[in-house]
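Only one structure is covered here, and it is reproduced in the block below.
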Amino acid sequence: MTVKEAILKSLEDIASPSNSTDVCNYILDKKYCDFSGKTPSGTVSAQLGDFIRNGDTRVKRIKQENGTYSYYLAKNEEIIGLEVLTGVTETKTSKVQKTVRNNTYEERDLHRLLSTFLKNSGVYSKTIFHEQSNGKDNNQIWTHPDMVGIKFLNLQTKASQNFLKSINRADTFKLSSYELKKEINSDSDLKKAYFQAVSNSSWANYGYLVAFEFSDSLTEEIERLNQSFGIGVIKLNANPYQSKILFTAKYRDLDFKTIDKLCKINKDFEKFIEQTEKLMTASEKYVSGVEKELNDFCDPYFANDSEIENYCTIKHIPLEQE
């Protein structure tokens with residue numbers, strides 16, 4: 001493992017806020033990493049700081065009363081228990097991505113980066129290929145989202161899960177729609193992409209416009225559109241864990257007529273809805289199997305940072321940051 005991977009694995013194993021010394025000792029004890037002559041404690045401390053400075057959403061830290069920091073995995077917050085986190089949780093804004101010119105990668109090369117960001121947030125996602133839908137209507141591109149996602153309410157006991165399902169099954173999950181673009185650098189680009197997202201997400205609880213690059217000059221207009229129409233905005237990063245939700249989406253009730261229409265014209269969307277329904281209605285002894293089936297059906301995502309760097313290099317997705 002790399003030092004970064006060893007830290008992530010150790011924080012996952014420990015599952016409680018830990019200082020850099022504790023993390024370092026755990027890595028050495030488990031022999032997760034060969035530091036090759038480096039000073040282990042200093043290396044781990046510096047790397048933990050980099051997670052925060054770079055805005056990597058996998059790791060959070062809290063400042064203790066004595067001024068020291070404790071680190072933990074964001075996905076472990078519910079396991080740890082919020083009452084344990086008595087310090088002040090700290091986050092940082094990620095570095096601004098350099099402007100990309102003459103891009104050689106394809107828009108769909110970004111889907112795996114987005115699926116990794118979403119999976120880290122507990123969202124199962126799936127690409128919907130509009131060209132595979134029934135019919136030859138060119139306007140179908142304004143009907144289909146690029147990607148769909150579902151997040152389940154994470155209840156800690158089966159009793160509470162079953163109780164909520166019996167009351168209102170719709171409250172146990174939220175469906176999202178994502179419109180993905182390589183770059184949005186002008187007002188006309190923004191308007192076209194934003195209202196395509198509005199059209200494609202009319203059925204979902206949440207709709208998002210996602211781009212690898214946004215011009216800084218568009219921030220005020222993006223905010224205005226978000227306030228008026230409720231579509232959220234995500235800036236995607238070559239390191240998907242450093243991607244940022246610039247503006248959150250506003251919640252809406254599901255439009256089941258449009259969901260039905262999409263199911264009729266697109267088999268992948270229909271299968272996604274079927275897999276969701278299977279997981280929602282599965283008995284306890286079958287849940288893990290059905291969950292694995294849904295995970296296998298959804299888009300692939302990266303297992304570690306090395307995979308991300310190799311993928312971006314092969315696909316010519318810029319990794320540089322200012």
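Labels used: A, B, ... for chains in the order of the structure tokens, numbers from 1 for residues in each chain, and numbers from 1 for ligands as shown.
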
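Non-sequential neighbours of A:Asp268 (distance at most 9 Å, separation of 2 or more positions within a chain, only C-alpha atoms) are Lys126, Thr127, Ile128, Phe129, Gln132, Ser133, Cys263, Asn266, Glu270, Lys271, Phe272 and Ile273 of chain A.
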
Coordinates-based distance that separates atom CA of A:Glu284 from atom CA of A:Lys119 (Å, one decimal):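 That distance, rounded to one decimal, is 22.8 Å.
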
d(atom CA of A:Asp189, atom CA of A:Gly55) in Å: 27.1 Å

Residue nearest A:Thr104 among A:Val3, A:Leu246, A:Cys312, A:Leu73 (counting only C-alpha atoms):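 Answer, going by the shortest atom-to-atom distance: A:Cys312.
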
Given only C-alpha atoms as the counted atoms, nearest of A:Tyr124, A:Val44, A:Thr68, A:Asp299 to A:Arg108: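 The closest residue to A:Arg108 is A:Asp299.
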
Residue contacts of A:Asp253 (9 Å, only C-alpha atoms) excluding same-chain residues fewer than 6 positions away, as a count of residues only: 4

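Atom pair atom CA of A:Gly230 / atom CA of A:Arg252: separated by 9.1 Å.
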
Selected residue, from A:Lys75, A:Lys315, A:Lys4, A:Ala15, that lies nearest to A:Ser45 when counting only C-alpha atoms: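 Using only C-alpha atoms, A:Ser45 sits closest to A:Lys4.
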
Hey, what's within 12 Å of A:Tyr71 if we count only C-alpha atoms and toss same-chain stuff fewer than 6 positions away? As an mmCIF file with C-alpha atoms, in the first residue's frame, please?
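This went into out_12.cif:
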data_model
loop_
_atom_site.group_PDB
_atom_site.id
_atom_site.type_symbol
_atom_site.label_atom_id
_atom_site.label_comp_id
_atom_site.auth_asym_id
_atom_site.auth_seq_id
_atom_site.Cartn_x
_atom_site.Cartn_y
_atom_site.Cartn_z
ATOM 1 C CA ILE A 7 -3.894 5.757 6.355
ATOM 2 C CA LEU A 8 -7.357 5.250 4.840
ATOM 3 C CA SER A 10 -6.183 2.245 9.249
ATOM 4 C CA LEU A 11 -8.848 4.908 9.850
ATOM 5 C CA GLU A 12 -11.452 2.482 8.547
ATOM 6 C CA ILE A 14 -9.927 1.961 13.938
ATOM 7 C CA ALA A 15 -13.366 3.521 13.350
ATOM 8 C CA SER A 16 -12.876 6.283 15.921
ATOM 9 C CA PRO A 17 -11.202 9.728 15.927
ATOM 10 C CA SER A 18 -7.435 9.151 16.155
ATOM 11 C CA ASN A 19 -4.378 11.394 16.215
ATOM 12 C CA SER A 20 -1.499 10.975 13.796
ATOM 13 C CA THR A 21 0.592 8.994 16.287
ATOM 14 C CA ASP A 22 -2.157 6.438 16.825
ATOM 15 C CA VAL A 23 -2.651 6.077 13.080
ATOM 16 C CA CYS A 24 1.086 5.681 12.511
ATOM 17 C CA VAL A 44 1.745 10.118 8.387
ATOM 18 C CA SER A 45 1.196 13.496 10.064
ATOM 19 C CA GLN A 47 -0.251 13.130 4.736
ATOM 20 C CA LEU A 48 -3.164 13.514 7.146
ATOM 21 C CA GLY A 49 -2.757 17.276 6.867
ATOM 22 C CA ASP A 50 -2.739 17.008 3.082
ATOM 23 C CA PHE A 51 -6.120 15.258 3.136
ATOM 24 C CA ILE A 52 -7.592 18.324 4.832
ATOM 25 C CA ARG A 58 -12.897 11.012 2.676
ATOM 26 C CA VAL A 59 -11.106 12.329 5.770
ATOM 27 C CA LYS A 60 -12.276 14.827 8.396
ATOM 28 C CA ARG A 61 -10.607 16.132 11.510
ATOM 29 C CA ILE A 62 -11.707 17.703 14.771
ATOM 30 C CA LYS A 63 -9.737 19.985 17.029
ATOM 31 C CA GLN A 64 -9.527 18.788 20.605
ATOM 32 C CA GLU A 77 -19.504 9.291 11.278
ATOM 33 C CA ILE A 80 -18.578 6.588 15.591
ATOM 34 C CA LEU A 85 -17.293 14.235 17.965
ATOM 35 C CA GLY A 87 -14.514 18.986 18.854
ATOM 36 C CA VAL A 88 -15.052 21.335 15.940
ATOM 37 C CA THR A 89 -15.105 19.525 12.610
ATOM 38 C CA GLU A 90 -12.853 21.263 10.132
ATOM 39 C CA THR A 91 -13.060 21.309 6.358
#

Expected answer as a VMD selection string: strand (DSSP E or B) residues in stretch 113-309 of chain A: chain A and resid 123 to 127 147 to 152 173 to 184 206 to 214 232 to 235 244 to 247

Spatial neighbours of A:Asn304, 12 Å, only C-alpha atoms, chain gap at least 3 places, as a list in words: Met1, Thr2, Val3, Lys4, Glu5, Ala6, Ile7, Leu8, Lys9, Arg58, Leu113, Thr116, Asn120, Asn239, Pro240, Tyr241, Tyr301, Glu307, Ile308, Glu309, Asn310 and Tyr311 of chain A

Nearest to A:Lys278 by atom-to-atom distance, counting only C-alpha atoms, from A:Tyr208, A:Thr57, A:Ile265, A:Lys292: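 Ranking A:Tyr208, A:Thr57, A:Ile265, A:Lys292 by distance to A:Lys278, first place goes to A:Lys292.
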
Would you give me, as a CSV table (one decimal) with N, CA and C atoms, in the first residue's frame, the residues in stretch 141-305 of chain A that DSSP reads as helix (DSSP H, G or I)?
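Output file states.csv follows:
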chain,number,residue,atom,x,y,z
A,141,ILE,N,-32.4,13.4,-25.9
A,141,ILE,CA,-31.2,13.8,-25.1
A,141,ILE,C,-31.7,14.8,-24.0
A,142,TRP,N,-32.8,15.5,-24.2
A,142,TRP,CA,-33.4,16.4,-23.2
A,142,TRP,C,-34.4,15.7,-22.3
A,158,LYS,N,-32.6,-3.1,12.1
A,158,LYS,CA,-33.5,-3.7,11.1
A,158,LYS,C,-35.0,-3.3,11.5
A,159,ALA,N,-35.2,-3.2,12.8
A,159,ALA,CA,-36.6,-2.9,13.3
A,159,ALA,C,-37.0,-1.5,12.8
A,160,SER,N,-36.1,-0.5,12.9
A,160,SER,CA,-36.4,0.8,12.5
A,160,SER,C,-36.5,0.9,11.0
A,161,GLN,N,-35.7,0.1,10.3
A,161,GLN,CA,-35.8,0.1,8.8
A,161,GLN,C,-37.1,-0.5,8.3
A,162,ASN,N,-37.5,-1.6,8.9
A,162,ASN,CA,-38.8,-2.2,8.5
A,162,ASN,C,-40.0,-1.3,8.9
A,163,PHE,N,-39.9,-0.7,10.1
A,163,PHE,CA,-40.9,0.2,10.5
A,163,PHE,C,-41.1,1.4,9.6
A,164,LEU,N,-40.0,2.0,9.1
A,164,LEU,CA,-40.1,3.1,8.2
A,164,LEU,C,-40.7,2.7,6.9
A,165,LYS,N,-40.2,1.5,6.4
A,165,LYS,CA,-40.7,1.0,5.1
A,165,LYS,C,-42.3,0.8,5.2
A,166,SER,N,-42.7,0.3,6.3
A,166,SER,CA,-44.2,0.0,6.4
A,166,SER,C,-45.0,1.3,6.5
A,167,ILE,N,-44.4,2.4,6.9
A,167,ILE,CA,-45.1,3.6,7.0
A,167,ILE,C,-45.1,4.4,5.7
A,169,ARG,N,-42.6,4.0,2.3
A,169,ARG,CA,-41.4,3.4,1.7
A,169,ARG,C,-40.6,4.5,0.9
A,170,ALA,N,-41.3,5.5,0.4
A,170,ALA,CA,-40.6,6.6,-0.4
A,170,ALA,C,-39.6,7.3,0.5
A,171,ASP,N,-39.8,7.3,1.8
A,171,ASP,CA,-38.9,8.1,2.7
A,171,ASP,C,-37.6,7.3,3.0
A,172,THR,N,-37.5,6.1,2.5
A,172,THR,CA,-36.3,5.3,2.8
A,172,THR,C,-35.2,5.5,1.8
A,187,ASP,N,-21.6,32.1,-20.6
A,187,ASP,CA,-23.0,32.2,-20.2
A,187,ASP,C,-23.9,31.3,-21.0
A,188,SER,N,-23.7,31.3,-22.3
A,188,SER,CA,-24.5,30.5,-23.2
A,188,SER,C,-24.3,29.0,-22.9
A,189,ASP,N,-23.1,28.6,-22.6
A,189,ASP,CA,-22.8,27.2,-22.2
A,189,ASP,C,-23.6,26.9,-21.0
A,190,LEU,N,-23.5,27.8,-20.0
A,190,LEU,CA,-24.2,27.6,-18.7
A,190,LEU,C,-25.7,27.4,-18.9
A,191,LYS,N,-26.3,28.3,-19.7
A,191,LYS,CA,-27.8,28.3,-19.8
A,191,LYS,C,-28.2,27.0,-20.5
A,192,LYS,N,-27.5,26.6,-21.6
A,192,LYS,CA,-27.9,25.4,-22.3
A,192,LYS,C,-27.7,24.2,-21.4
A,193,ALA,N,-26.6,24.1,-20.7
A,193,ALA,CA,-26.4,22.9,-19.8
A,193,ALA,C,-27.4,22.9,-18.6
A,194,TYR,N,-27.6,24.1,-18.0
A,194,TYR,CA,-28.4,24.1,-16.8
A,194,TYR,C,-29.9,23.7,-17.2
A,195,PHE,N,-30.4,24.3,-18.3
A,195,PHE,CA,-31.8,24.0,-18.6
A,195,PHE,C,-31.9,22.6,-19.2
A,196,GLN,N,-30.9,22.0,-19.7
A,196,GLN,CA,-30.9,20.6,-20.0
A,196,GLN,C,-31.0,19.8,-18.7
A,197,ALA,N,-30.3,20.2,-17.7
A,197,ALA,CA,-30.4,19.5,-16.4
A,197,ALA,C,-31.8,19.7,-15.8
A,198,VAL,N,-32.4,20.8,-16.0
A,198,VAL,CA,-33.7,21.0,-15.5
A,198,VAL,C,-34.7,20.1,-16.2
A,199,SER,N,-34.6,20.0,-17.5
A,199,SER,CA,-35.4,19.1,-18.2
A,199,SER,C,-35.2,17.6,-17.9
A,200,ASN,N,-34.0,17.2,-17.8
A,200,ASN,CA,-33.7,15.8,-17.6
A,200,ASN,C,-33.9,15.3,-16.1
A,216,ASP,N,-14.8,31.0,-13.4
A,216,ASP,CA,-15.1,31.8,-12.1
A,216,ASP,C,-16.1,32.9,-12.4
A,217,SER,N,-16.2,33.4,-13.6
A,217,SER,CA,-17.0,34.6,-13.9
A,217,SER,C,-18.5,34.2,-13.9
A,218,LEU,N,-18.8,32.9,-13.8
A,218,LEU,CA,-20.2,32.4,-13.9
A,218,LEU,C,-20.8,32.2,-12.5
A,219,THR,N,-20.0,32.4,-11.4
A,219,THR,CA,-20.5,32.0,-10.1
A,219,THR,C,-21.8,32.7,-9.7
A,220,GLU,N,-21.9,34.0,-9.9
A,220,GLU,CA,-23.1,34.7,-9.6
A,220,GLU,C,-24.3,34.2,-10.3
A,221,GLU,N,-24.2,33.9,-11.6
A,221,GLU,CA,-25.3,33.5,-12.5
A,221,GLU,C,-25.7,32.1,-12.1
A,222,ILE,N,-24.7,31.2,-11.7
A,222,ILE,CA,-25.0,29.8,-11.3
A,222,ILE,C,-25.8,29.9,-10.0
A,223,GLU,N,-25.5,30.8,-9.1
A,223,GLU,CA,-26.2,31.0,-7.8
A,223,GLU,C,-27.6,31.4,-8.1
A,224,ARG,N,-27.8,32.4,-9.0
A,224,ARG,CA,-29.1,32.9,-9.3
A,224,ARG,C,-30.0,31.7,-9.9
A,225,LEU,N,-29.4,31.0,-10.8
A,225,LEU,CA,-30.2,29.9,-11.4
A,225,LEU,C,-30.5,28.8,-10.4
A,226,ASN,N,-29.6,28.6,-9.5
A,226,ASN,CA,-29.9,27.6,-8.4
A,226,ASN,C,-31.0,28.0,-7.5
A,227,GLN,N,-31.0,29.3,-7.2
A,227,GLN,CA,-32.1,29.8,-6.3
A,227,GLN,C,-33.5,29.8,-7.0
A,228,SER,N,-33.4,30.0,-8.4
A,228,SER,CA,-34.7,30.1,-9.1
A,228,SER,C,-35.2,28.7,-9.5
A,229,PHE,N,-34.3,27.8,-9.8
A,229,PHE,CA,-34.8,26.5,-10.4
A,229,PHE,C,-34.4,25.3,-9.6
A,240,PRO,N,-11.6,12.5,-7.5
A,240,PRO,CA,-13.0,12.6,-7.2
A,240,PRO,C,-13.3,12.9,-5.8
A,241,TYR,N,-12.4,12.6,-4.9
A,241,TYR,CA,-12.7,12.8,-3.5
A,241,TYR,C,-12.5,14.3,-3.1
A,242,GLN,N,-11.9,15.1,-4.0
A,242,GLN,CA,-11.8,16.5,-3.9
A,242,GLN,C,-12.9,17.3,-4.7
A,256,PHE,N,-43.7,10.2,-10.9
A,256,PHE,CA,-43.8,8.8,-11.3
A,256,PHE,C,-44.3,8.6,-12.7
A,257,LYS,N,-45.0,9.6,-13.3
A,257,LYS,CA,-45.3,9.5,-14.7
A,257,LYS,C,-44.1,9.5,-15.6
A,258,THR,N,-43.2,10.5,-15.3
A,258,THR,CA,-41.9,10.6,-16.1
A,258,THR,C,-41.0,9.4,-15.8
A,259,ILE,N,-41.0,8.9,-14.6
A,259,ILE,CA,-40.2,7.7,-14.3
A,259,ILE,C,-40.7,6.5,-15.1
A,260,ASP,N,-42.1,6.4,-15.2
A,260,ASP,CA,-42.7,5.3,-16.0
A,260,ASP,C,-42.3,5.5,-17.5
A,261,LYS,N,-42.3,6.7,-18.0
A,261,LYS,CA,-41.9,7.0,-19.4
A,261,LYS,C,-40.5,6.6,-19.6
A,262,LEU,N,-39.6,7.0,-18.7
A,262,LEU,CA,-38.2,6.6,-18.9
A,262,LEU,C,-38.0,5.1,-18.8
A,263,CYS,N,-38.7,4.4,-18.0
A,263,CYS,CA,-38.6,2.9,-17.9
A,263,CYS,C,-39.1,2.3,-19.2
A,264,LYS,N,-40.1,2.9,-19.9
A,264,LYS,CA,-40.6,2.3,-21.1
A,264,LYS,C,-39.6,2.5,-22.3
A,265,ILE,N,-38.8,3.6,-22.3
A,265,ILE,CA,-38.0,3.8,-23.4
A,265,ILE,C,-36.5,3.5,-23.2
A,267,LYS,N,-34.0,0.6,-21.2
A,267,LYS,CA,-33.9,-0.6,-20.4
A,267,LYS,C,-32.9,-0.5,-19.2
A,268,ASP,N,-31.9,0.3,-19.4
A,268,ASP,CA,-31.0,0.5,-18.2
A,268,ASP,C,-31.7,1.3,-17.1
A,269,PHE,N,-32.4,2.3,-17.5
A,269,PHE,CA,-33.2,3.0,-16.4
A,269,PHE,C,-34.2,2.1,-15.8
A,270,GLU,N,-34.9,1.3,-16.6
A,270,GLU,CA,-35.9,0.4,-16.0
A,270,GLU,C,-35.2,-0.6,-15.1
A,271,LYS,N,-34.1,-1.1,-15.5
A,271,LYS,CA,-33.4,-2.1,-14.6
A,271,LYS,C,-32.9,-1.4,-13.3
A,272,PHE,N,-32.5,-0.2,-13.4
A,272,PHE,CA,-32.1,0.5,-12.2
A,272,PHE,C,-33.2,0.7,-11.2
A,273,ILE,N,-34.4,1.0,-11.7
A,273,ILE,CA,-35.6,1.1,-10.9
A,273,ILE,C,-36.0,-0.3,-10.3
A,274,GLU,N,-35.9,-1.3,-11.1
A,274,GLU,CA,-36.2,-2.6,-10.7
A,274,GLU,C,-35.2,-3.1,-9.5
A,275,GLN,N,-33.9,-2.8,-9.7
A,275,GLN,CA,-32.9,-3.2,-8.7
A,275,GLN,C,-33.2,-2.4,-7.4
A,276,THR,N,-33.6,-1.2,-7.5
A,276,THR,CA,-33.9,-0.4,-6.3
A,276,THR,C,-35.1,-1.0,-5.6
A,277,GLU,N,-36.2,-1.4,-6.3
A,277,GLU,CA,-37.4,-1.9,-5.7
A,277,GLU,C,-37.0,-3.3,-5.1
A,278,LYS,N,-36.2,-4.1,-5.7
A,278,LYS,CA,-35.8,-5.3,-5.1
A,278,LYS,C,-35.1,-5.2,-3.8
A,279,LEU,N,-34.2,-4.2,-3.7
A,279,LEU,CA,-33.5,-3.9,-2.4
A,279,LEU,C,-34.5,-3.4,-1.4
A,280,MET,N,-35.4,-2.6,-1.8
A,280,MET,CA,-36.3,-2.0,-0.8
A,280,MET,C,-37.3,-3.1,-0.2
A,281,THR,N,-37.6,-4.1,-1.0
A,281,THR,CA,-38.6,-5.1,-0.6
A,281,THR,C,-38.0,-6.4,-0.1
A,284,GLU,N,-34.8,-9.6,5.2
A,284,GLU,CA,-33.5,-9.4,5.9
A,284,GLU,C,-32.4,-10.4,5.4
A,285,LYS,N,-32.7,-11.6,5.2
A,285,LYS,CA,-31.7,-12.6,4.9
A,285,LYS,C,-31.2,-12.5,3.4
A,286,TYR,N,-31.9,-11.7,2.6
A,286,TYR,CA,-31.5,-11.5,1.2
A,286,TYR,C,-30.9,-10.2,0.9
A,287,VAL,N,-30.9,-9.3,1.9
A,287,VAL,CA,-30.5,-7.9,1.7
A,287,VAL,C,-29.1,-7.8,1.1
A,288,SER,N,-28.2,-8.5,1.8
A,288,SER,CA,-26.8,-8.4,1.3
A,288,SER,C,-26.6,-8.8,-0.1
A,289,GLY,N,-27.3,-9.9,-0.5
A,289,GLY,CA,-27.1,-10.4,-1.9
A,289,GLY,C,-27.7,-9.4,-2.9
A,290,VAL,N,-28.9,-8.9,-2.6
A,290,VAL,CA,-29.5,-7.9,-3.5
A,290,VAL,C,-28.7,-6.6,-3.5
A,291,GLU,N,-28.1,-6.2,-2.4
A,291,GLU,CA,-27.3,-5.0,-2.4
A,291,GLU,C,-26.1,-5.2,-3.3
A,292,LYS,N,-25.5,-6.4,-3.2
A,292,LYS,CA,-24.3,-6.7,-4.1
A,292,LYS,C,-24.7,-6.7,-5.6
A,293,GLU,N,-25.9,-7.2,-5.9
A,293,GLU,CA,-26.5,-7.2,-7.2
A,293,GLU,C,-26.6,-5.8,-7.7
A,294,LEU,N,-27.1,-4.9,-6.9
A,294,LEU,CA,-27.3,-3.5,-7.3
A,294,LEU,C,-25.9,-2.9,-7.5
A,295,ASN,N,-25.0,-3.1,-6.6
A,295,ASN,CA,-23.6,-2.6,-6.7
A,295,ASN,C,-23.0,-3.0,-8.0
A,296,ASP,N,-23.1,-4.3,-8.4
A,296,ASP,CA,-22.5,-4.8,-9.6
A,296,ASP,C,-23.2,-4.3,-10.9
A,297,PHE,N,-24.5,-3.9,-10.8
A,297,PHE,CA,-25.2,-3.4,-11.9
A,297,PHE,C,-24.8,-1.9,-12.2
A,305,ASP,N,-6.3,5.5,-4.9
A,305,ASP,CA,-5.8,6.7,-5.6
A,305,ASP,C,-4.9,6.3,-6.8

Neighbour list for A:Leu209 as a list in words, cut-off 7 Å, only C-alpha atoms, skip fewer than 6 positions in-chain: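 Non-adjacent residues within range: Tyr178, Glu179, Leu180, Tyr194, Ala197, Ile231, Gly232, Val233 and Ile234 of chain A.
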